[in-house]
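> So here's input02.pdb, just PDB, C-alpha atoms:
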ATOM      1  CA  MET A   1     133.395  84.215 149.269
ATOM      2  CA  SER A   2     133.667  86.964 151.892
ATOM      3  CA  LYS A   3     130.706  87.465 154.173
ATOM      4  CA  LYS A   4     128.846  90.724 154.308
ATOM      5  CA  PRO A   5     129.910  92.557 157.478
ATOM      6  CA  ARG A   6     127.371  92.349 160.272
ATOM      7  CA  THR A   7     125.514  95.584 160.997
ATOM      8  CA  VAL A   8     126.492  97.239 164.275
ATOM      9  CA  PHE A   9     123.308  98.859 165.503
ATOM     10  CA  ARG A  10     123.061 102.098 167.496
ATOM     11  CA  ALA A  11     120.557 103.820 169.746
ATOM     12  CA  LEU A  12     118.521 106.210 167.621
ATOM     13  CA  ASP A  13     115.280 108.083 168.280
ATOM     14  CA  GLY A  14     113.099 109.821 165.723
ATOM     15  CA  LEU A  15     110.627 109.514 162.867
ATOM     16  CA  LEU A  16     111.232 108.955 159.166
ATOM     17  CA  LEU A  17     108.601 109.629 156.500
ATOM     18  CA  LEU A  18     109.441 106.899 153.997
ATOM     19  CA  ASP A  19     108.030 106.814 150.477
ATOM     20  CA  LYS A  20     107.620 103.059 150.174
ATOM     21  CA  PRO A  21     108.349 101.682 146.696
ATOM     22  CA  PRO A  22     106.185  99.043 145.002
ATOM     23  CA  GLY A  23     107.173  95.407 145.246
ATOM     24  CA  LEU A  24     108.215  95.419 148.907
ATOM     25  CA  SER A  25     106.138  94.541 151.949
ATOM     26  CA  SER A  26     106.083  97.152 154.681
ATOM     27  CA  ASN A  27     108.290  94.959 156.841
ATOM     28  CA  GLN A  28     110.833  94.464 154.043
ATOM     29  CA  ALA A  29     111.002  98.229 153.572
ATOM     30  CA  LEU A  30     111.318  98.691 157.336
ATOM     31  CA  GLN A  31     114.232  96.266 157.597
ATOM     32  CA  GLN A  32     116.111  97.946 154.747
ATOM     33  CA  VAL A  33     115.676 101.347 156.393
ATOM     34  CA  ARG A  34     116.626  99.999 159.801
ATOM     35  CA  HIS A  35     119.910  98.626 158.466
ATOM     36  CA  LEU A  36     120.711 101.819 156.571
ATOM     37  CA  PHE A  37     120.303 103.814 159.784
ATOM     38  CA  ARG A  38     121.750 101.042 161.976
ATOM     39  CA  ALA A  39     118.856 101.580 164.378
ATOM     40  CA  GLU A  40     118.555  99.237 167.359
ATOM     41  CA  LYS A  41     114.765  99.463 167.437
ATOM     42  CA  ALA A  42     112.373 100.258 164.603
ATOM     43  CA  GLY A  43     108.729  99.826 163.713
ATOM     44  CA  HIS A  44     106.306 101.071 161.089
ATOM     45  CA  THR A  45     102.836 102.458 161.612
ATOM     46  CA  GLY A  46     100.376 100.644 159.399
ATOM     47  CA  SER A  47     101.062  98.106 156.689
ATOM     48  CA  LEU A  48     101.001  98.925 153.000
ATOM     49  CA  ASP A  49     100.503  96.093 150.514
ATOM     50  CA  PRO A  50     103.508  95.220 148.297
ATOM     51  CA  LEU A  51     101.660  96.783 145.356
ATOM     52  CA  ALA A  52     101.155 100.054 147.259
ATOM     53  CA  THR A  53     103.458 103.061 147.424
ATOM     54  CA  GLY A  54     103.579 106.201 149.511
ATOM     55  CA  LEU A  55     103.841 107.316 153.086
ATOM     56  CA  LEU A  56     105.053 104.751 155.597
ATOM     57  CA  PRO A  57     106.044 106.469 158.851
ATOM     58  CA  VAL A  58     108.977 104.618 160.420
ATOM     59  CA  CYS A  59     109.613 104.981 164.143
ATOM     60  CA  PHE A  60     113.076 104.556 165.640
ATOM     61  CA  GLY A  61     113.878 103.908 169.287
ATOM     62  CA  GLU A  62     111.573 105.696 171.704
ATOM     63  CA  ALA A  63     109.366 106.798 168.815
ATOM     64  CA  THR A  64     108.084 103.198 168.659
ATOM     65  CA  LYS A  65     106.112 104.081 171.786
ATOM     66  CA  ILE A  66     103.819 106.333 169.748
ATOM     67  CA  ALA A  67     103.498 103.928 166.791
ATOM     68  CA  GLY A  68     100.055 102.858 167.943
ATOM     69  CA  LEU A  69      98.849 106.459 167.959
ATOM     70  CA  LEU A  70      99.939 106.953 164.341
ATOM     71  CA  LEU A  71      98.485 103.584 163.383
ATOM     72  CA  GLY A  72      95.060 104.783 164.495
ATOM     73  CA  ALA A  73      95.301 108.125 162.681
ATOM     74  CA  ARG A  74      93.297 109.334 159.693
ATOM     75  CA  LYS A  75      94.868 108.506 156.323
ATOM     76  CA  ALA A  76      94.434 109.499 152.667
ATOM     77  CA  TYR A  77      94.980 107.427 149.531
ATOM     78  CA  GLU A  78      94.731 107.685 145.783
ATOM     79  CA  THR A  79      93.812 104.480 143.994
ATOM     80  CA  GLU A  80      93.032 103.320 140.486
ATOM     81  CA  ALA A  81      90.276 100.729 140.247
ATOM     82  CA  VAL A  82      89.833  98.424 137.276
ATOM     83  CA  LEU A  83      86.214  97.435 136.663
ATOM     84  CA  GLY A  84      85.151  94.122 135.191
ATOM     85  CA  ALA A  85      87.573  91.732 136.920
ATOM     86  CA  VAL A  86      87.647  90.214 140.404
ATOM     87  CA  THR A  87      90.897  88.829 141.865
ATOM     88  CA  ASP A  88      91.555  86.650 144.893
ATOM     89  CA  THR A  89      93.554  89.438 146.583
ATOM     90  CA  ASP A  90      91.252  92.277 145.445
ATOM     91  CA  ASP A  91      94.236  93.869 143.686
ATOM     92  CA  ALA A  92      96.357  93.431 140.570
ATOM     93  CA  ASP A  93      98.827  91.133 142.343
ATOM     94  CA  GLY A  94      96.178  88.424 142.610
ATOM     95  CA  VAL A  95      94.773  85.744 140.342
ATOM     96  CA  THR A  96      91.714  86.702 138.294
ATOM     97  CA  LEU A  97      88.688  84.772 139.524
ATOM     98  CA  LEU A  98      85.892  86.257 137.434
ATOM     99  CA  GLU A  99      85.483  88.640 134.524
ATOM    100  CA  ARG A 100      82.248  90.418 133.657
ATOM    101  CA  PRO A 101      81.294  93.082 131.122
ATOM    102  CA  VAL A 102      81.382  96.658 132.365
ATOM    103  CA  PRO A 103      78.061  98.458 131.852
ATOM    104  CA  GLU A 104      77.759 101.981 130.560
ATOM    105  CA  LEU A 105      78.281 104.116 133.649
ATOM    106  CA  ASP A 106      77.563 107.801 134.054
ATOM    107  CA  ALA A 107      78.530 110.029 136.983
ATOM    108  CA  ALA A 108      75.147 109.545 138.667
ATOM    109  CA  ALA A 109      75.403 105.736 138.606
ATOM    110  CA  ILE A 110      78.904 105.794 140.054
ATOM    111  CA  GLU A 111      77.896 108.268 142.754
ATOM    112  CA  ALA A 112      74.934 106.092 143.727
ATOM    113  CA  ALA A 113      77.336 103.156 144.190
ATOM    114  CA  LEU A 114      79.850 105.218 146.177
ATOM    115  CA  ALA A 115      77.363 106.782 148.598
ATOM    116  CA  PRO A 116      76.795 103.659 150.781
ATOM    117  CA  LEU A 117      80.559 103.251 151.162
ATOM    118  CA  ARG A 118      80.970 106.583 152.958
ATOM    119  CA  GLY A 119      80.627 107.276 156.664
ATOM    120  CA  ASP A 120      80.699 104.629 159.397
ATOM    121  CA  ILE A 121      80.233 101.360 157.517
ATOM    122  CA  ARG A 122      80.611  97.621 158.000
ATOM    123  CA  GLN A 123      83.452  96.275 155.891
ATOM    124  CA  ARG A 124      84.682  92.745 155.191
ATOM    125  CA  ALA A 125      88.470  92.522 155.112
ATOM    126  CA  PRO A 126      90.203  90.973 152.088
ATOM    127  CA  ILE A 127      90.984  87.272 152.445
ATOM    128  CA  TYR A 128      94.624  88.095 151.690
ATOM    129  CA  SER A 129      95.265  90.548 154.519
ATOM    130  CA  ALA A 130      97.402  90.911 157.640
ATOM    131  CA  LEU A 131      94.296  90.764 159.826
ATOM    132  CA  LYS A 132      94.744  87.950 162.327
ATOM    133  CA  GLN A 133      92.285  85.134 162.999
ATOM    134  CA  GLY A 134      93.166  82.579 165.637
ATOM    135  CA  GLY A 135      96.525  84.288 166.101
ATOM    136  CA  GLU A 136      97.497  83.854 162.432
ATOM    137  CA  PRO A 137      97.293  86.340 159.531
ATOM    138  CA  LEU A 138      94.508  85.612 157.067
ATOM    139  CA  TYR A 139      96.981  85.624 154.160
ATOM    140  CA  ALA A 140      98.812  82.645 155.683
ATOM    141  CA  LYS A 141      95.590  80.632 155.801
ATOM    142  CA  ALA A 142      94.658  81.723 152.278
ATOM    143  CA  ARG A 143      98.027  80.650 150.878
ATOM    144  CA  ARG A 144      97.425  77.165 152.291
ATOM    145  CA  GLY A 145      94.124  77.028 150.468
ATOM    146  CA  GLU A 146      92.006  77.033 153.629
ATOM    147  CA  ALA A 147      88.409  78.175 153.431
ATOM    148  CA  ILE A 148      88.247  81.584 155.110
ATOM    149  CA  GLU A 149      85.351  83.681 156.268
ATOM    150  CA  ALA A 150      86.930  87.115 156.555
ATOM    151  CA  PRO A 151      85.428  89.070 159.461
ATOM    152  CA  GLU A 152      83.400  92.227 159.150
ATOM    153  CA  ARG A 153      84.152  95.269 161.264
ATOM    154  CA  GLN A 154      83.092  98.864 161.459
ATOM    155  CA  VAL A 155      85.343 101.415 159.764
ATOM    156  CA  SER A 156      85.094 105.116 158.966
ATOM    157  CA  VAL A 157      85.316 106.504 155.427
ATOM    158  CA  TYR A 158      85.429 110.298 155.513
ATOM    159  CA  ALA A 159      85.841 110.920 151.778
ATOM    160  CA  LEU A 160      85.450 108.752 148.686
ATOM    161  CA  GLU A 161      85.471 110.745 145.469
ATOM    162  CA  VAL A 162      86.028 110.127 141.764
ATOM    163  CA  LEU A 163      89.042 111.957 140.355
ATOM    164  CA  GLN A 164      88.847 110.481 136.851
ATOM    165  CA  HIS A 165      86.675 108.006 134.963
ATOM    166  CA  GLU A 166      87.895 106.582 131.697
ATOM    167  CA  GLY A 167      86.398 103.387 130.306
ATOM    168  CA  ALA A 168      86.819 100.556 132.802
ATOM    169  CA  ARG A 169      89.149 102.559 135.047
ATOM    170  CA  LEU A 170      88.261 104.795 137.971
ATOM    171  CA  ARG A 171      90.753 106.954 139.866
ATOM    172  CA  LEU A 172      89.527 107.596 143.401
ATOM    173  CA  HIS A 173      90.524 109.749 146.375
ATOM    174  CA  VAL A 174      89.945 108.091 149.755
ATOM    175  CA  GLU A 175      90.209 109.466 153.286
ATOM    176  CA  CYS A 176      89.557 106.942 156.012
ATOM    177  CA  GLY A 177      90.171 105.882 159.579
ATOM    178  CA  SER A 178      92.165 103.062 161.088
ATOM    179  CA  GLY A 179      91.533  99.535 159.819
ATOM    180  CA  THR A 180      89.933 100.531 156.516
ATOM    181  CA  TYR A 181      90.938  98.473 153.481
ATOM    182  CA  VAL A 182      90.906 100.401 150.208
ATOM    183  CA  ARG A 183      90.888  97.047 148.415
ATOM    184  CA  SER A 184      87.599  96.208 150.135
ATOM    185  CA  LEU A 185      86.091  99.561 149.144
ATOM    186  CA  VAL A 186      86.985  98.937 145.513
ATOM    187  CA  ARG A 187      85.757  95.338 145.661
ATOM    188  CA  ASP A 188      82.410  96.396 147.147
ATOM    189  CA  LEU A 189      82.071  99.243 144.648
ATOM    190  CA  GLY A 190      82.527  96.757 141.807
ATOM    191  CA  GLU A 191      79.879  94.440 143.209
ATOM    192  CA  THR A 192      77.394  97.289 143.546
ATOM    193  CA  LEU A 193      78.059  98.261 139.931
ATOM    194  CA  GLY A 194      77.450  94.655 138.920
ATOM    195  CA  CYS A 195      80.770  94.025 137.203
ATOM    196  CA  GLY A 196      83.335  93.505 139.946
ATOM    197  CA  ALA A 197      86.538  95.503 140.435
ATOM    198  CA  HIS A 198      90.043  95.352 141.843
ATOM    199  CA  VAL A 199      92.800  97.794 142.797
ATOM    200  CA  ALA A 200      95.387  98.413 140.075
ATOM    201  CA  THR A 201      97.458 101.033 141.922
ATOM    202  CA  LEU A 202      97.385 102.411 145.448
ATOM    203  CA  ARG A 203      99.318 105.301 146.959
ATOM    204  CA  ARG A 204      99.100 106.568 150.516
ATOM    205  CA  LEU A 205      99.213 110.352 150.390
ATOM    206  CA  TRP A 206      99.313 111.257 154.066
ATOM    207  CA  VAL A 207      98.812 110.098 157.638
ATOM    208  CA  GLU A 208      97.784 112.554 160.322
ATOM    209  CA  PRO A 209      99.518 114.620 161.597
ATOM    210  CA  PHE A 210     101.748 114.454 158.472
ATOM    211  CA  VAL A 211      99.230 115.861 155.992
ATOM    212  CA  ALA A 212     101.828 117.523 153.730
ATOM    213  CA  PRO A 213     104.716 115.082 154.153
ATOM    214  CA  ARG A 214     108.192 115.473 152.726
ATOM    215  CA  MET A 215     108.789 111.795 152.012
ATOM    216  CA  VAL A 216     112.183 110.221 151.401
ATOM    217  CA  THR A 217     112.706 107.294 149.030
ATOM    218  CA  LEU A 218     114.890 104.265 149.642
ATOM    219  CA  ASP A 219     117.124 105.299 146.739
ATOM    220  CA  GLU A 220     117.640 108.730 148.328
ATOM    221  CA  LEU A 221     118.502 107.085 151.652
ATOM    222  CA  ARG A 222     120.981 104.724 150.014
ATOM    223  CA  ALA A 223     122.698 107.658 148.310
ATOM    224  CA  LEU A 224     122.907 109.534 151.614
ATOM    225  CA  ALA A 225     124.288 106.464 153.386
ATOM    226  CA  GLN A 226     127.216 106.430 150.962
ATOM    227  CA  ARG A 227     128.223 109.862 152.267
ATOM    228  CA  GLY A 228     127.901 109.106 155.972
ATOM    229  CA  GLU A 229     125.233 108.937 158.634
ATOM    230  CA  SER A 230     124.942 112.669 159.251
ATOM    231  CA  GLY A 231     122.969 113.023 156.031
ATOM    232  CA  LEU A 232     120.688 110.160 156.986
ATOM    233  CA  ASP A 233     120.092 111.557 160.460
ATOM    234  CA  ALA A 234     119.152 114.923 158.970
ATOM    235  CA  CYS A 235     116.098 113.177 157.417
ATOM    236  CA  LEU A 236     114.695 112.326 160.840
ATOM    237  CA  LEU A 237     111.905 114.236 162.516
ATOM    238  CA  PRO A 238     111.818 114.593 166.302
ATOM    239  CA  ILE A 239     109.334 112.421 168.174
ATOM    240  CA  GLU A 240     107.373 115.573 169.014
ATOM    241  CA  ALA A 241     106.398 115.866 165.329
ATOM    242  CA  GLY A 242     104.231 112.786 165.705
ATOM    243  CA  LEU A 243     102.371 114.319 168.643
ATOM    244  CA  SER A 244     101.549 117.708 167.134
ATOM    245  CA  GLY A 245      97.853 116.884 167.062
ATOM    246  CA  PHE A 246      97.656 116.260 170.811
ATOM    247  CA  ALA A 247      96.874 118.797 173.482
ATOM    248  CA  ALA A 248     100.058 119.765 175.343
ATOM    249  CA  VAL A 249     100.571 119.783 179.099
ATOM    250  CA  ARG A 250     103.736 121.357 180.523
ATOM    251  CA  LEU A 251     105.174 120.412 183.900
ATOM    252  CA  ASP A 252     107.676 122.059 186.175
ATOM    253  CA  ALA A 253     110.707 120.146 187.439
ATOM    254  CA  GLU A 254     109.044 118.781 190.577
ATOM    255  CA  ARG A 255     105.934 117.504 188.845
ATOM    256  CA  ARG A 256     108.046 116.091 186.031
ATOM    257  CA  ARG A 257     110.104 114.176 188.590
ATOM    258  CA  ARG A 258     107.014 112.745 190.270
ATOM    259  CA  LEU A 259     105.418 111.784 186.959
ATOM    260  CA  GLY A 260     108.648 110.030 186.002
ATOM    261  CA  PHE A 261     108.300 107.892 189.126
ATOM    262  CA  GLY A 262     104.848 106.829 187.984
ATOM    263  CA  GLN A 263     102.841 109.184 190.192
ATOM    264  CA  SER A 264      99.818 111.230 189.137
ATOM    265  CA  VAL A 265     100.293 114.992 189.391
ATOM    266  CA  ASP A 266      98.239 118.178 189.243
ATOM    267  CA  CYS A 267      98.022 119.917 185.883
ATOM    268  CA  GLU A 268      96.192 122.681 184.103
ATOM    269  CA  PRO A 269      92.556 121.578 183.800
ATOM    270  CA  GLY A 270      91.338 120.616 180.347
ATOM    271  CA  GLU A 271      89.486 118.065 178.300
ATOM    272  CA  ALA A 272      89.904 114.500 179.529
ATOM    273  CA  GLY A 273      91.945 112.138 177.391
ATOM    274  CA  GLU A 274      95.433 111.491 176.105
ATOM    275  CA  VAL A 275      97.814 114.462 176.069
ATOM    276  CA  ALA A 276     101.433 115.078 175.125
ATOM    277  CA  VAL A 277     103.474 115.920 178.230
ATOM    278  CA  TYR A 278     106.430 118.334 178.103
ATOM    279  CA  ASP A 279     108.990 119.382 180.701
ATOM    280  CA  GLU A 280     109.882 122.937 181.668
ATOM    281  CA  HIS A 281     112.392 123.102 178.792
ATOM    282  CA  GLY A 282     109.879 122.036 176.135
ATOM    283  CA  ARG A 283     111.131 118.482 175.709
ATOM    284  CA  CYS A 284     108.416 115.877 175.251
ATOM    285  CA  LEU A 285     108.264 113.315 178.056
ATOM    286  CA  GLY A 286     105.628 111.060 176.501
ATOM    287  CA  ILE A 287     101.883 110.502 176.684
ATOM    288  CA  GLY A 288      99.778 111.126 179.771
ATOM    289  CA  GLN A 289      96.120 110.673 180.607
ATOM    290  CA  ARG A 290      94.404 113.842 181.804
ATOM    291  CA  ASP A 291      91.271 113.705 183.910
ATOM    292  CA  GLY A 292      90.171 117.195 184.863
ATOM    293  CA  ALA A 293      93.130 118.725 186.675
ATOM    294  CA  ARG A 294      94.984 115.440 187.274
ATOM    295  CA  LEU A 295      97.552 113.858 185.009
ATOM    296  CA  ALA A 296      98.597 110.201 185.108
ATOM    297  CA  PRO A 297     101.589 108.747 183.235
ATOM    298  CA  GLN A 298     100.594 106.485 180.383
ATOM    299  CA  ARG A 299     103.535 105.915 178.037
ATOM    300  CA  LEU A 300     106.697 107.812 178.900
ATOM    301  CA  PHE A 301     110.002 108.036 177.082
ATOM    302  CA  ARG A 302     113.093 106.771 178.849
ATOM    303  CA  TRP A 303     114.375 110.277 179.604
ATOM    304  CA  ALA A 304     111.204 111.028 181.565
ATOM    305  CA  ALA A 305     112.195 108.537 184.224
ATOM    306  CA  ALA A 306     113.935 110.050 187.223
ATOM    307  CA  GLY A 307     116.063 107.666 189.217
ATOM    308  CA  GLY A 308     114.876 104.523 187.457
ATOM    309  CA  ALA A 309     111.195 105.280 187.161
ATOM    310  CA  VAL A 310     108.682 104.472 184.458
ATOM    311  CA  ASP A 311     110.177 103.232 181.191
ATOM    312  CA  ASN A 312     107.663 101.308 179.123
ATOM    313  CA  ALA A 313     109.395  98.932 176.747
ATOM    314  CA  PRO A 314     108.732  99.741 173.091
ATOM    315  CA  GLN A 315     107.506  97.192 170.589
ATOM    316  CA  ASP A 316     110.272  95.709 168.451
ATOM    317  CA  GLN A 317     107.754  94.314 165.953
ATOM    318  CA  PRO A 318     106.158  96.690 163.462
ATOM    319  CA  ALA A 319     102.635  97.807 164.121
ATOM    320  CA  THR A 320     100.195  96.385 161.616
ATOM    321  CA  GLY A 321      97.309  97.985 159.855
ATOM    322  CA  ALA A 322      95.334  98.098 156.657
ATOM    323  CA  GLY A 323      96.118  99.324 153.198
TER
END
Could you rewrite the structure in this file as structure tokens?

Amino acid sequence: MSKKPRTVFRALDGLLLLDKPPGLSSNQALQQVRHLFRAEKAGHTGSLDPLATGLLPVCFGEATKIAGLLLGARKAYETEAVLGAVTDTDDADGVTLLERPVPELDAAAIEAALAPLRGDIRQRAPIYSALKQGGEPLYAKARRGEAIEAPERQVSVYALEVLQHEGARLRLHVECGSGTYVRSLVRDLGETLGCGAHVATLRRLWVEPFVAPRMVTLDELRALAQRGESGLDACLLPIEAGLSGFAAVRLDAERRRRLGFGQSVDCEPGEAGEVAVYDEHGRCLGIGQRDGARLAPQRLFRWAAAGGAVDNAPQDQPATGAG
């Protein structure tokens, strides 16, 4: 039997807005995309459960340096919750642990249960999650049958609204911050209603700054790959697209050179914090930290370095997050 030819990888920079299919982990989807593009370095920005579909931003090459920024961004989901059954994973992929009758619920009762789940709340992560405890993901401990006390942490839920209610099924719209588990929201909603609940379907709609994303499916990418890499590469967004929500600071050639050597430089005064830094030609150099009228390099792309200056190594492993 002939062996499959080994992929010859190439240097590639950019962002891909992947529409992840159901049945694959985020890392499995990432690896398929990476091999289609033959990208030397790749990472994703926030895990989606195998059951989940929707937007999974994939970062290639130098774009992996901004993966953490996208991981922490605001996200939106649509989910269908099934009332009356609790599973060990808090979704339909799990084993049913308990079934209870679903009471008659009107809009007021559902709203009363949703209200405490909005805003800045304390949330307990699912036992089957990528959240690490003692350096190991919780799901690995759960699969071994270990007793787990999933940690609580503060998360932000900006919107949690009912789109449709039919019998034991609720379709919800969720907008939330980094680290929020939709499965936990549904689980806690079910407990408040007194019948339990789990996620039947979950789709990520957008991740800031990609609030109206043109997503590409794996099937579309495979079809493009059959016709050559130019079609694949046309699907990529420039790294700058991931930084559109950041204040911009532009530098002339001399200040760009000094920043590339790791030195702080003068800049236009503005609000303190992380900013996107551009050269005199409008090319993004990376992320800087502005303090008044001073700018310090924080995470620069390789082309920002002048004569072997700052070049922070990107992460080869995918960033992890909640879904």
> How close does each residue of segment 59-132 of chain A get to segment 11-33 of chain A, giving the shortest atom pair and distance in Å to one decimal for every residue with an atom at most 7 Å away, counting all atoms listed in the file, sorted by chain and residue number, as CSV?

residue,atom,partner,partner_atom,distance
A:Cys59,CA,A:Leu15,CA,4.8
A:Phe60,CA,A:Asp13,CA,4.9
A:Gly61,CA,A:Asp13,CA,4.5
A:Glu62,CA,A:Asp13,CA,5.6
A:Ala63,CA,A:Gly14,CA,5.7
> Could you list, as a count of residues only, every residue matched by the PyMOL selection byres ((chain A and resi 283) around 10) in this structure?
14
> What is the atom CA of Lys75 of chain A-atom CA of Cys176 of chain A distance in Å, reported with one decimal?
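For atom CA of Lys75 of chain A relative to atom CA of Cys176 of chain A, the distance reads 5.5 Å.
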> Exactly which residues make up the result of the PyMOL selection byres ((chain A and resi 292) around 8) on this file, given as an MDAnalysis selection string?
chainID A and resid 269:272 290:291 293:294
> Considering all atoms listed in the file, state which residue in the set A:Ser178, A:Thr79, A:Gln298, A:Thr192 is at the smallest distance from Leu163 of chain A.
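Between A:Ser178, A:Thr79, A:Gln298, A:Thr192, the residue approaching Leu163 of chain A most closely is A:Thr79.
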> What is the distance between atom CA of Tyr77 of chain A and atom CA of Leu218 of chain A, in Å to one decimal?
20.2 Å
> For this file, the PyMOL selection byres ((chain A and resi 210) around 10) selects which residues, as a list in words?
Leu17, Leu55, Pro57, Leu70, Ala73, Arg74, Lys75, Leu205, Trp206, Val207, Glu208, Pro209, Val211, Ala212, Pro213, Arg214, Met215, Ala241, Gly242, Ser244 and Gly245 of chain A
> Can you tell me, as a PyMOL selection string, which residues sit within 10 Å of (103.8, 118.6, 188.6) in the file's frame, using all atoms listed in the file?
chain A and resi 250-259+263-268+279+294-295
> What lies within 8 Å of Leu202 of chain A using all atoms listed in the file, ignoring chain neighbours under 2 positions off, as a list of chain:residue names?
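After dropping sequence-adjacent residues, the list is A:Leu51, A:Ala52, A:Thr53, A:Tyr77, A:Glu78, A:Thr79, A:Glu80, A:Val199, A:Ala200, A:Arg204.
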> I'd like a table as JSON lines: residues in segment 46-94 of chain A with an atom no more than 12 Å from segment 100-106 of chain A, each row giving the shortest atom pair and its distance in Å to one decimal, all atoms listed in the file counted, sorted by chain and rising residue number.

{"residue": "A:Val82", "atom": "CA", "partner": "A:Val102", "partner_atom": "CA", "distance": 9.9}
{"residue": "A:Leu83", "atom": "CA", "partner": "A:Val102", "partner_atom": "CA", "distance": 6.5}
{"residue": "A:Gly84", "atom": "CA", "partner": "A:Arg100", "partner_atom": "CA", "distance": 4.9}
{"residue": "A:Ala85", "atom": "CA", "partner": "A:Arg100", "partner_atom": "CA", "distance": 6.4}
{"residue": "A:Val86", "atom": "CA", "partner": "A:Arg100", "partner_atom": "CA", "distance": 8.6}
> For segment 113-119 of chain A, please output as a PyMOL selection string all residues within 6 Å (counting all atoms listed in the file; exclusion window: fewer than 5 positions along the same chain).
chain A and resi 156-158+192
> Leaving out Val186 of chain A and any residue of its chain fewer than 2 positions from it, which residues lie within 12 Å of it when counting only C-alpha atoms, given as number ranges by chain?
A: 78-87, 89-92, 110, 113-114, 117, 123-126, 160-162, 169-174, 180-184, 188-193, 195-202, 323
> What gap, in Å, lies between atom CA of Leu36 of chain A and atom CA of Ala225 of chain A?
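Taking atom CA of Leu36 of chain A and atom CA of Ala225 of chain A, their separation equals 6.7 Å.
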> Kindly compute an axis-aligned box around the listed atoms of segment 275-287 of chain A, allowing 3 Å on each side, and express its centre and edge lengths in Å to one decimal as lines of an AutoDock Vina configuration file.

center_x = 105.1
center_y = 116.8
center_z = 178.4
size_x = 20.6
size_y = 18.6
size_z = 12.5
> Find the residues near segment 5-9 of chain A: any atom within 10 Å, counting all atoms listed in the file, skip ones fewer than 2 places away on the same chain, and give them as a PyMOL selection string.
chain A and resi 2-3+11-12+34-41
